[in-house]
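Just start_10.txt here, compact mmCIF, C-alpha atoms:
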# COMPACT_ATOMS: atom_id res chain seq x y z
CA MET H 23 -59.82 -144.58 44.12
CA THR H 24 -56.85 -146.98 44.41
CA LYS H 25 -59.18 -149.98 44.07
CA ARG H 26 -60.69 -148.40 40.96
CA ARG H 27 -57.21 -147.85 39.52
CA LEU H 28 -56.34 -151.49 40.15
CA GLN H 29 -59.52 -152.63 38.40
CA VAL H 30 -58.77 -150.46 35.36
CA SER H 31 -55.18 -151.71 35.25
CA ALA H 32 -56.35 -155.32 35.50
CA VAL H 33 -58.72 -154.86 32.54
CA LEU H 34 -55.92 -153.31 30.50
CA VAL H 35 -53.40 -156.00 31.33
CA LEU H 36 -55.96 -158.68 30.44
CA ALA H 37 -56.84 -156.99 27.15
CA ILE H 38 -53.20 -156.63 26.18
CA ALA H 39 -52.39 -160.18 27.29
CA LEU H 40 -55.25 -161.58 25.22
CA THR H 41 -54.57 -159.58 22.09
CA GLY H 42 -50.98 -158.47 21.99
CA ALA H 43 -48.98 -161.30 23.46
CA SER H 44 -48.18 -162.90 20.11
CA CYS H 45 -47.49 -159.58 18.42
CA ASP H 46 -43.90 -159.74 17.24
CA GLN H 47 -41.74 -156.81 16.25
CA LYS H 48 -42.37 -157.05 12.50
CA ARG H 49 -46.13 -157.34 12.94
CA ALA H 50 -46.18 -154.34 15.27
CA ALA H 51 -44.07 -152.42 12.75
CA ALA H 52 -46.40 -153.41 9.87
CA VAL H 53 -49.44 -152.24 11.85
CA ALA H 54 -47.73 -148.93 12.66
CA LEU H 55 -46.65 -148.50 9.04
CA ASN H 56 -50.22 -149.14 7.88
CA ASP H 57 -51.47 -146.54 10.37
CA PHE H 58 -48.88 -144.11 9.02
CA ALA H 59 -50.07 -144.73 5.44
CA SER H 60 -53.72 -144.24 6.45
CA ALA H 61 -52.83 -141.00 8.26
CA LEU H 62 -51.03 -139.77 5.13
CA VAL H 63 -54.10 -140.50 2.98
CA ALA H 64 -56.20 -138.56 5.52
CA PHE H 65 -53.78 -135.64 5.47
CA GLU H 66 -53.68 -135.44 1.68
CA THR H 67 -57.47 -135.73 1.39
CA GLY H 68 -57.96 -133.01 4.01
CA GLU H 69 -55.43 -130.66 2.42
CA ILE H 70 -56.90 -131.04 -1.06
CA ALA H 71 -60.40 -130.38 0.33
CA ALA H 72 -59.15 -127.27 2.16
CA HIS H 73 -57.50 -126.06 -1.04
CA LYS H 74 -60.66 -126.62 -3.08
CA ASP H 75 -62.65 -124.71 -0.45
CA GLY H 76 -60.25 -121.77 -0.75
CA PHE H 77 -58.67 -122.09 2.71
CA VAL H 78 -55.24 -122.99 1.30
CA SER H 79 -53.71 -120.83 -1.43
CA ASP H 80 -52.44 -122.30 -4.71
CA GLN H 81 -48.85 -121.60 -3.66
CA GLU H 82 -49.29 -123.17 -0.22
CA HIS H 83 -51.01 -126.17 -1.85
CA GLN H 84 -48.14 -126.70 -4.27
CA GLN H 85 -45.54 -126.52 -1.50
CA ILE H 86 -47.45 -128.92 0.71
CA GLN H 87 -48.07 -131.46 -2.06
CA VAL H 88 -44.38 -131.50 -3.00
CA VAL H 89 -43.57 -132.51 0.59
CA VAL H 90 -46.53 -134.94 0.74
CA LYS H 91 -44.99 -136.74 -2.22
CA GLN H 92 -41.65 -136.90 -0.38
CA VAL H 93 -43.37 -138.33 2.71
CA ALA H 94 -45.09 -140.96 0.53
CA GLN H 95 -41.74 -141.87 -1.04
CA ALA H 96 -40.17 -142.15 2.42
CA GLY H 97 -43.07 -144.43 3.40
CA SER H 98 -42.49 -146.58 0.32
CA THR H 99 -38.81 -146.94 1.15
CA LEU H 100 -39.70 -147.91 4.70
CA THR H 101 -42.17 -150.49 3.41
CA THR H 102 -39.51 -152.00 1.16
CA THR H 103 -36.99 -152.27 4.00
CA LEU H 104 -39.54 -154.02 6.21
CA LYS H 105 -40.60 -156.35 3.36
CA ASN H 106 -36.98 -157.32 2.80
CA SER H 107 -36.30 -157.61 6.55
CA GLN H 108 -33.54 -155.02 6.27
CA ASP H 109 -32.52 -152.59 9.01
CA PRO H 110 -35.21 -149.87 8.83
CA THR H 111 -33.57 -147.30 11.14
CA THR H 112 -32.40 -144.99 8.32
CA ALA H 113 -35.77 -145.22 6.57
CA ILE H 114 -37.61 -144.43 9.82
CA THR H 115 -35.40 -141.37 10.40
CA SER H 116 -36.02 -140.22 6.79
CA ALA H 117 -39.77 -140.55 7.26
CA ILE H 118 -39.62 -138.57 10.52
CA ASP H 119 -37.58 -135.84 8.78
CA ALA H 120 -40.05 -135.72 5.86
CA VAL H 121 -43.01 -135.32 8.22
CA ALA H 122 -41.17 -132.54 10.10
CA LYS H 123 -40.63 -130.83 6.74
CA LEU H 124 -44.35 -131.11 6.08
CA ASN H 125 -44.89 -128.84 9.07
CA ASP H 126 -41.94 -126.53 8.57
CA ALA H 127 -42.18 -126.02 4.83
CA GLY H 128 -45.90 -126.27 4.36
CA VAL H 129 -48.57 -126.43 7.03
CA LEU H 130 -47.14 -123.76 9.32
CA HIS H 131 -47.23 -121.30 6.43
CA VAL H 132 -50.97 -121.73 5.81
CA LYS H 133 -52.51 -118.34 6.51
CA ASN H 134 -55.99 -119.51 7.45
CA GLN H 135 -55.68 -120.19 11.20
CA GLU H 136 -58.47 -122.77 11.49
CA THR H 137 -57.18 -124.76 8.52
CA LYS H 138 -53.64 -124.57 9.89
CA THR H 139 -54.87 -125.99 13.20
CA LYS H 140 -56.69 -128.86 11.47
CA LEU H 141 -53.75 -129.71 9.24
CA THR H 142 -51.37 -129.54 12.22
CA ALA H 143 -53.57 -132.11 13.99
CA LEU H 144 -53.35 -134.36 10.93
CA VAL H 145 -49.55 -134.01 10.98
CA LEU H 146 -49.58 -135.10 14.63
CA ALA H 147 -51.55 -138.19 13.58
CA LEU H 148 -48.72 -138.91 11.11
CA LYS H 149 -46.07 -138.62 13.81
CA ALA H 150 -47.67 -141.08 16.27
CA PRO H 151 -47.05 -144.31 14.28
CA LEU H 152 -43.53 -143.13 13.46
CA VAL H 153 -42.84 -142.78 17.18
CA THR H 154 -44.03 -146.40 17.56
CA LEU H 155 -41.65 -147.52 14.79
CA GLN H 156 -38.85 -145.52 16.36
CA SER H 157 -39.42 -147.21 19.71
CA LEU H 158 -39.50 -150.65 18.04
CA TYR H 159 -36.25 -150.29 16.12
CA ILE H 160 -34.27 -147.31 17.33
CA LYS H 161 -34.90 -146.65 21.02
CA GLY H 162 -35.86 -150.19 22.02
CA GLY H 163 -33.31 -151.92 19.81
CA LYS H 164 -33.86 -155.14 17.84
CA MET A 59 -69.95 -133.89 49.69
CA ASP A 60 -70.09 -130.49 48.03
CA ASN A 61 -70.11 -129.79 44.30
CA LEU A 62 -66.40 -129.05 44.12
CA ASP A 63 -65.57 -132.34 45.79
CA THR A 64 -67.83 -134.21 43.36
CA ALA A 65 -66.28 -132.39 40.41
CA LEU A 66 -62.77 -133.25 41.57
CA LYS A 67 -63.67 -136.91 41.98
CA LEU A 68 -65.20 -136.97 38.49
CA MET A 69 -62.10 -135.33 37.03
CA GLY A 70 -59.97 -138.00 38.69
CA LEU A 71 -62.15 -140.72 37.18
CA VAL A 72 -61.91 -139.17 33.71
CA GLU A 73 -58.13 -138.95 34.08
CA GLU A 74 -58.06 -142.68 34.78
CA LEU A 75 -60.49 -143.73 32.10
CA VAL A 76 -59.13 -141.75 29.15
CA PRO A 77 -55.69 -143.42 29.04
CA SER A 78 -57.40 -146.75 29.73
CA GLY A 79 -59.70 -146.14 26.77
CA VAL A 80 -56.74 -145.34 24.53
CA GLY A 81 -55.01 -148.51 25.69
CA LEU A 82 -58.11 -150.54 25.00
CA VAL A 83 -58.50 -149.06 21.50
CA ASN A 84 -54.87 -149.91 20.74
CA ALA A 85 -55.40 -153.43 22.06
CA LEU A 86 -58.49 -153.84 19.88
CA LYS A 87 -56.61 -152.55 16.83
CA THR A 88 -53.88 -155.09 17.51
CA ALA A 89 -56.52 -157.80 17.87
CA HIS A 90 -58.07 -156.80 14.57
CA SER A 91 -54.70 -156.89 12.84
CA GLN A 92 -54.10 -160.44 14.09
CA GLY A 93 -56.33 -161.73 11.30
CA ILE A 94 -54.23 -159.99 8.66
CA THR A 95 -50.81 -161.22 7.62
CA VAL A 96 -47.76 -158.98 7.85
CA GLU A 97 -47.43 -159.22 4.06
CA GLN A 98 -51.01 -157.99 3.60
CA LEU A 99 -50.42 -155.09 6.00
CA LEU A 100 -47.27 -154.07 4.12
CA ALA A 101 -48.95 -154.44 0.71
CA ASP A 102 -51.87 -152.31 1.91
CA ALA A 103 -49.48 -149.67 3.22
CA GLN A 104 -47.57 -149.67 -0.09
CA SER A 105 -50.80 -149.25 -2.02
CA LYS A 106 -51.73 -146.22 0.11
CA PHE A 107 -48.29 -144.63 -0.34
CA ASP A 108 -48.54 -145.13 -4.12
CA GLN A 109 -52.03 -143.62 -4.14
CA VAL A 110 -50.82 -140.55 -2.21
CA ALA A 111 -47.75 -140.09 -4.42
CA ASP A 112 -49.86 -140.37 -7.61
CA GLN A 113 -52.38 -137.84 -6.32
CA ALA A 114 -49.60 -135.47 -5.22
CA SER A 115 -48.07 -135.66 -8.70
CA LYS A 116 -51.43 -134.63 -10.17
CA GLU A 117 -51.72 -131.72 -7.73
CA ILE A 118 -48.18 -130.44 -8.42
CA LYS A 119 -48.20 -128.41 -11.60
Encoded form using structure tokens:
Amino acid sequence: MTKRRLQVSAVLVLAIALTGASCDQKRAAAVALNDFASALVAFETGEIAAHKDGFVSDQEHQQIQVVVKQVAQAGSTLTTTLKNSQDPTTAITSAIDAVAKLNDAGVLHVKNQETKTKLTALVLALKAPLVTLQSLYIKGGK
Amino acid sequence: MDNLDTALKLMGLVEELVPSGVGLVNALKTAHSQGITVEQLLADAQSKFDQVADQASKEIK
């Protein structure tokens, strides 16, 4: 089993060495930001579909879309800071807070359990790239 | 080797391969992004954020 583990590790190290060695901080951040934007598109598309299918009430839909817009605006601000090579730590924190609000003020109040579970999974997909950005600029330092 | 032993060995293998698979997917995504400039990635992200904000404005009455 140890030999197998070594083989798997060797493949991983090789793959990362071949593909990620020249990946600088800004590129990694841009990739993570793009993933975040794609995840937000997926969330909005999924929520609108669930609303149209009657699994999300009009009131829940309104509340969620208000926060979705705030998350998109936080993403725009983050994009601008990265474009201008400014310190993005405040913008990253704002985006994380906005995504947390998406759960607290919207998704967790959806009454249909199955839809709530699906939307919660989409929120998790939003958090993952933000954790990457956080590790690049906040935890790991510049 | 009984069935339980086989099952435990398989579970161990899955435990090893799943994180490896995730790592490989991330490495491939990074490789794919190598052909795209940082400016293009940021512009694409901005376009998606604008699209989401516009759609949200339409949904909010």
Could you give me, as a tab-separated table, every range 130-159 of chain H residue with an atom at most 8 Å from range 43-57 of chain H, plus its closest atom pair and distance in Å to one decimal, counting only C-alpha atoms, rows ordered by chain then number?
residue	atom	partner	partner_atom	distance
H:Pro151	CA	H:Ala54	CA	4.9
H:Leu152	CA	H:Ala54	CA	7.2
H:Thr154	CA	H:Ala54	CA	6.6
H:Leu155	CA	H:Ala51	CA	5.8
H:Leu158	CA	H:Gln47	CA	6.8
Identify every residue of chain H that has at least one atom within 6 Å of any atom of chain A, counting all atoms listed in the file, and report the result as a list of chain:residue names.
H:Ile38, H:Thr41, H:Arg49, H:Ala52, H:Asn56, H:Ala59, H:Gln84, H:Gln87, H:Lys91, H:Ala94, H:Ser98
Would you give the centre and edge lengths, in Å to one decimal, of a box along x, y and z around the listed atoms of range 128-133 of chain H, with 3 Å added to each side, as AutoDock Vina command-line options?
--center_x -49.2 --center_y -122.4 --center_z 6.8 --size_x 12.6 --size_y 14.1 --size_z 11.0
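For the pair CA of Leu141 in chain H and CA of Val129 in chain H, the separation is 6.5 Å.
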Could you work out how far CA of Gly97 in chain H lies from CA of Ile118 in chain H, giving the answer in Å with one decimal?
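Going from CA of Ile118 in chain H over to CA of Gly97 in chain H, I get 9.8 Å.
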Between CA of Ile114 in chain H and CA of Phe58 in chain H, what distance in Å does the model show, to one decimal?
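Going from CA of Ile114 in chain H over to CA of Phe58 in chain H covers 11.3 Å.
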Residue neighbourhood Val93 in chain H, 9 Å, all atoms listed in the file, exclusion window fewer than 3 positions, as a PDB file with C-alpha atoms, in the coordinates of the input:
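out.pdb written:
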ATOM      1  CA  LEU H  62     -51.030-139.770   5.130  1.00  0.00           C
ATOM      2  CA  VAL H  88     -44.380-131.500  -3.000  1.00  0.00           C
ATOM      3  CA  VAL H  89     -43.570-132.510   0.590  1.00  0.00           C
ATOM      4  CA  VAL H  90     -46.530-134.940   0.740  1.00  0.00           C
ATOM      5  CA  ALA H  96     -40.170-142.150   2.420  1.00  0.00           C
ATOM      6  CA  GLY H  97     -43.070-144.430   3.400  1.00  0.00           C
ATOM      7  CA  SER H  98     -42.490-146.580   0.320  1.00  0.00           C
ATOM      8  CA  SER H 116     -36.020-140.220   6.790  1.00  0.00           C
ATOM      9  CA  ALA H 117     -39.770-140.550   7.260  1.00  0.00           C
ATOM     10  CA  ILE H 118     -39.620-138.570  10.520  1.00  0.00           C
ATOM     11  CA  ASP H 119     -37.580-135.840   8.780  1.00  0.00           C
ATOM     12  CA  ALA H 120     -40.050-135.720   5.860  1.00  0.00           C
ATOM     13  CA  VAL H 121     -43.010-135.320   8.220  1.00  0.00           C
ATOM     14  CA  LYS H 123     -40.630-130.830   6.740  1.00  0.00           C
ATOM     15  CA  LEU H 124     -44.350-131.110   6.080  1.00  0.00           C
TER      16      LEU H 124
ATOM     17  CA  PHE A 107     -48.290-144.630  -0.340  1.00  0.00           C
ATOM     18  CA  ALA A 111     -47.750-140.090  -4.420  1.00  0.00           C
TER      19      ALA A 111
END
In terms of all atoms listed in the file, the residue from H:Thr112, H:Thr99, H:Ser79, H:Gln92 at minimal distance from Thr137 in chain H is H:Ser79
Need the shell around Asn134 in chain H: protein/DNA/RNA residues with any atom at most 10 Å away, counting only C-alpha atoms. Skip same-chain ones fewer than 6 positions apart. Format as a PyMOL selection string?
chain H and resi 72+76-79
